[in-house]
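The block underneath contains the structure these notes are about, expressed in C-alpha cells.
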Amino acid sequence: MAVDPERVLLVTPSDHLIKNDELYVEAVKKAKTIAEQDFLVTFGIKPVYPETGYGYIEIAENYAVRAFLEKPTQNAAETLIKNENIFWNSGIFCFKAKTLLEELKKYAPDVYETSVIAFNACLKNDNTYRLPVEEVKQIPEISIDYAVFEKSEKVKCIPVQFDWSDLGGFEALYKEFQADNENTAHNVNQIAINSAGNFIYLAPENKKVIATVDVNDLIIADTGDALLVAPLKSSQKIKQVAEKVKQISSLHREHKITHRPWGTYTVLESSDGYKIKKIVVAPGKRLSLQKHFHRNEHWIVVSGTATVQIGDKTSLVRPNESIYIKMGELHRLSNEGLVPVVIIEAQVGEYTEEDDIVRFDDDYIR
C-alpha cells in the first residue's frame, strides 16, 4: 500500500538459509519477469527428504500451481517426494504490489479492508511508517497462503536449484552446525560424559560451560532469558511452549537484547529498585527527547563519544566518563560520531519498566 502499485516486491521469511547466492539471484530475476506479467510467484524447492514440517506444492505446465498441500504425515511425505512435480513451499513470494492487493481484496476482503484502515491511520515520517497497534489488532490473523495463494488463479511456482533450509526448528539448525565426534552440534564450551547426538546452543554473549551426563538426542538452548530442554525429535512442539510463555510472562514481547531503530539495549541485571543496561547507539542515531517520573539514571560511556542533552544543556561524554540524569529531567542521548556509542546505564527508582517514558520529540514517531 505504501509503494508504487507497479513496483515488483520480493517478500522473504527472515529465518531461512540460502547458500547458493548466484542461483538465488537467477531465480529472483526469473520470478521478477513473471511477476511483471501480473502473476503471484512463489518458489518451489525440490524435496531431498520426507519433511513433515513443510507445506508442499504440486506444479503443472507453465509453472501453474495444481495444488497446495498441507504439512503431511510421514507416510504421505515419503510418497510425495517421489513425484517429480512436487516441491516444498519455500514461503518466498514475488509480485507487483497492485496484483497482491487486487487478489487480497477479492479473496480476503476482511483482511484487505482492515489493512486499509490500519494503513490510513499510520504515522508517517519520511520513509518511516508506524502502524497503529489497535488498528492492526483488528486484521484477521491468517497466513498469506490461506488468504490468497491457495485461492488465486494468478499463482505461478518456479522450481529453483539453490540450497535452501527453513531454519524454523532445532532439527534444521542441528544439520547446519558442525557436529563433533559424538554427533553433538554446539557453539559452546561443553563437557560430554557418555552423551551424544545433542544440539547445544548458548547465546553468543554467554560464556558458561555446559556439561551433559548420560543424555542423548536432546536440545539444550540457553538464550540468556530462557532455557529449553527437550528431545531433538520433539522440536516441532516448541510452538506450544511459545503459547504458554504468553500466559505467564512478557518474554514474547521483551527480550534480554531489544532492538530499537537507534540501536540495541541489553538488560544485564534487574531487581526491585534498580536495573542495569548496556545501550548501543548506532552512528548518526539518537534516542527520543524524554523524561521519567519514577527513576534516576547514571550513564557511563564505555566507547565512542556520547552527546547528552539534559534540559537546555548539551555535553560530550567520552569513554570512562559519566553523567547523571535526575528523575523528571528532560534528556536525550545521541551519537554524532562515526562509531557506535556504548554506555552502561544504571536506573535507580521505585519503577524501572519501559513504559515510564514520556517522549517529547522522536525521530521514529513512536
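Please note that chains go A, B, ... in the order of the C-alpha cells, that every chain numbers its residues from 1, and that ligands are numbered from 1 in the order shown.
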
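Those residues that approach range 222-228 of chain A to within 7 Å, counting only C-alpha atoms, are A:Tyr201, A:Leu202, A:Ala203, A:Ile220, A:Ala230, A:His255, A:Lys256; same-chain residues fewer than 2 positions away are not listed.
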
Ile81 in chain A environment, 8 Å, only C-alpha atoms, sequence neighbours closer than 5 positions dropped, as a PyMOL selection string: chain A and resi 47-50+86-87

Shell of 7 Å around range 110-127 of chain A, only C-alpha atoms, local chain residues under 6 positions omitted, as an mmCIF file with N, CA, C and O atoms, in the first residue's frame:
```cif
data_model
loop_
_atom_site.group_PDB
_atom_site.id
_atom_site.type_symbol
_atom_site.label_atom_id
_atom_site.label_comp_id
_atom_site.auth_asym_id
_atom_site.auth_seq_id
_atom_site.Cartn_x
_atom_site.Cartn_y
_atom_site.Cartn_z
ATOM 1 N N LEU A 104 -5.962 -9.920 -2.833
ATOM 2 C CA LEU A 104 -6.337 -9.874 -1.417
ATOM 3 C C LEU A 104 -7.754 -9.327 -1.259
ATOM 4 O O LEU A 104 -8.560 -9.871 -0.494
ATOM 5 N N GLU A 135 -5.442 -0.710 15.558
ATOM 6 C CA GLU A 135 -5.991 -0.996 14.233
ATOM 7 C C GLU A 135 -5.418 -2.294 13.658
ATOM 8 O O GLU A 135 -6.127 -3.073 13.019
ATOM 9 N N VAL A 136 -4.132 -2.524 13.910
ATOM 10 C CA VAL A 136 -3.507 -3.749 13.408
ATOM 11 C C VAL A 136 -4.125 -4.983 14.068
ATOM 12 O O VAL A 136 -4.294 -6.033 13.435
ATOM 13 N N GLN A 138 -7.039 -5.520 14.667
ATOM 14 C CA GLN A 138 -8.328 -5.846 14.047
ATOM 15 C C GLN A 138 -8.166 -6.651 12.763
ATOM 16 O O GLN A 138 -9.149 -7.180 12.228
ATOM 17 N N ILE A 139 -6.940 -6.735 12.225
ATOM 18 C CA ILE A 139 -6.713 -7.502 10.996
ATOM 19 C C ILE A 139 -6.758 -8.992 11.326
ATOM 20 O O ILE A 139 -6.056 -9.449 12.235
ATOM 21 N N PRO A 140 -7.577 -9.778 10.620
ATOM 22 C CA PRO A 140 -7.655 -11.214 10.900
ATOM 23 C C PRO A 140 -6.285 -11.879 10.797
ATOM 24 O O PRO A 140 -5.488 -11.547 9.914
ATOM 25 N N ILE A 365 8.812 8.627 15.403
ATOM 26 C CA ILE A 365 7.377 8.864 15.621
ATOM 27 C C ILE A 365 6.697 7.774 16.435
ATOM 28 O O ILE A 365 5.649 7.270 16.082
#
```

Residues near Ala242 in chain A, cut-off 12 Å, only C-alpha atoms, skip fewer than 5 positions along chain, as a list of chain:residue names: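 Non-adjacent residues within range: A:Ala226, A:Leu228, A:Gln236, A:Lys237, A:Gln247, A:Ile248, A:Ser249, A:Ser250, A:Leu251, A:His252, A:Arg253.
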
Among the residues A:Pro159, A:Gly284, A:Pro340, A:Gly168, the one that comes closest to Glu26 in chain A [using only C-alpha atoms]: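 Closest residue, counting only C-alpha atoms: A:Pro159.
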
Nearest residue to Asp362 in chain A from the set A:Ile57, A:Leu333, A:Ala76, A:Leu287 (distances using only C-alpha atoms): A:Leu287

Strand (DSSP E) positions in range 212-273 of chain A, given as an MDAnalysis selection string: chainID A and resid 212:213 218:222 227:231 257:260 263:271

Polymer residues at most 10 Å from range 171-188 of chain A, only C-alpha atoms, same-chain spacing of 3 or more positions, as a PyMOL selection string: chain A and resi 17+165-168+191-192+194-204+206-210+216-221+232-236

DSSP-assigned alpha helix (DSSP H) among range 56-298 of chain A, expressed as a ChimeraX atom specification: /A:74-80,97-107,109-120,133-137,144,170-176,238-248

Store the residues of this selection in a file with C-alpha atoms, as a compact mmCIF listing (two decimals), in the first residue's frame.
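Result saved to result27.txt:
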```
# COMPACT_ATOMS: atom_id res chain seq x y z
CA GLN A 74 5.45 -39.21 7.49
CA ASN A 75 3.95 -41.81 5.13
CA ALA A 76 2.39 -39.14 2.94
CA ALA A 77 5.66 -37.19 2.78
CA GLU A 78 7.54 -40.32 1.69
CA THR A 79 5.05 -40.73 -1.15
CA LEU A 80 5.04 -37.06 -2.14
CA ALA A 97 2.05 -4.51 -5.22
CA LYS A 98 -1.19 -3.95 -7.10
CA THR A 99 -1.55 -7.63 -8.07
CA LEU A 100 -1.38 -8.80 -4.48
CA LEU A 101 -3.78 -6.09 -3.30
CA GLU A 102 -6.28 -6.93 -6.04
CA GLU A 103 -6.22 -10.63 -5.14
CA LEU A 104 -6.34 -9.87 -1.42
CA LYS A 105 -9.39 -7.67 -1.93
CA LYS A 106 -11.02 -10.43 -4.00
CA TYR A 107 -10.34 -13.45 -1.79
CA PRO A 109 -11.85 -8.72 1.77
CA ASP A 110 -11.90 -8.62 5.57
CA VAL A 111 -8.10 -8.68 5.64
CA TYR A 112 -7.91 -6.07 2.90
CA GLU A 113 -10.40 -3.66 4.46
CA THR A 114 -8.93 -3.79 7.96
CA SER A 115 -5.45 -3.38 6.46
CA VAL A 116 -6.60 -0.24 4.62
CA ILE A 117 -7.91 1.18 7.89
CA ALA A 118 -4.60 0.44 9.63
CA PHE A 119 -2.56 1.91 6.78
CA ASN A 120 -4.62 5.08 6.66
CA VAL A 133 -1.38 -1.16 17.33
CA GLU A 134 -5.12 -1.16 17.94
CA GLU A 135 -5.99 -1.00 14.23
CA VAL A 136 -3.51 -3.75 13.41
CA LYS A 137 -5.09 -6.00 16.04
CA ILE A 144 -0.96 -15.22 3.02
CA PHE A 170 16.06 -27.08 16.05
CA GLU A 171 16.43 -30.20 13.90
CA ALA A 172 17.15 -27.94 10.93
CA LEU A 173 19.66 -25.93 12.97
CA TYR A 174 21.32 -29.15 14.11
CA LYS A 175 22.02 -30.08 10.49
CA GLU A 176 23.70 -26.71 9.83
CA ILE A 238 8.14 -25.86 20.80
CA LYS A 239 5.39 -23.71 19.28
CA GLN A 240 3.24 -24.91 22.18
CA VAL A 241 5.84 -23.53 24.59
CA ALA A 242 5.58 -20.13 22.93
CA GLU A 243 1.83 -20.06 23.57
CA LYS A 244 2.35 -20.96 27.23
CA VAL A 245 5.00 -18.26 27.64
CA LYS A 246 2.45 -15.62 26.68
CA GLN A 247 0.31 -16.71 29.62
CA ILE A 248 2.99 -16.46 32.32
```

Residue contacts of Val11 in chain A (9 Å, only C-alpha atoms) excluding same-chain residues fewer than 5 positions away, as a PyMOL selection string: chain A and resi 91-95

Selection export as a short mmCIF file (atom, residue, chain, number, x, y, z; two decimals), in the first residue's frame, atoms kept: N, CA, C and O atoms:
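Writing the result to out_36.cif gives the following:
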```cif
data_model
loop_
_atom_site.label_atom_id
_atom_site.label_comp_id
_atom_site.auth_asym_id
_atom_site.auth_seq_id
_atom_site.Cartn_x
_atom_site.Cartn_y
_atom_site.Cartn_z
N GLY A 91 7.81 -20.35 0.88
CA GLY A 91 7.32 -19.16 1.58
C GLY A 91 7.94 -17.87 1.08
O GLY A 91 7.79 -16.82 1.70
N ILE A 92 8.67 -17.95 -0.05
CA ILE A 92 9.25 -16.76 -0.69
C ILE A 92 8.32 -16.35 -1.83
O ILE A 92 7.94 -17.19 -2.65
N PHE A 93 7.96 -15.06 -1.88
CA PHE A 93 6.99 -14.60 -2.87
C PHE A 93 7.50 -13.40 -3.64
O PHE A 93 8.27 -12.59 -3.12
N CYS A 94 7.04 -13.28 -4.89
CA CYS A 94 7.38 -12.15 -5.74
C CYS A 94 6.12 -11.72 -6.48
O CYS A 94 5.44 -12.57 -7.08
N PHE A 95 5.80 -10.42 -6.45
CA PHE A 95 4.57 -9.95 -7.10
C PHE A 95 4.59 -8.43 -7.20
O PHE A 95 5.35 -7.76 -6.50
#
```

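Put simply, CA of Arg295 in chain A is 27.0 Å away from CA of Pro283 in chain A.
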
Nearest to His294 in chain A by atom-to-atom distance, counting only C-alpha atoms, from A:His331, A:Lys313, A:Lys326, A:Lys278: A:Lys326
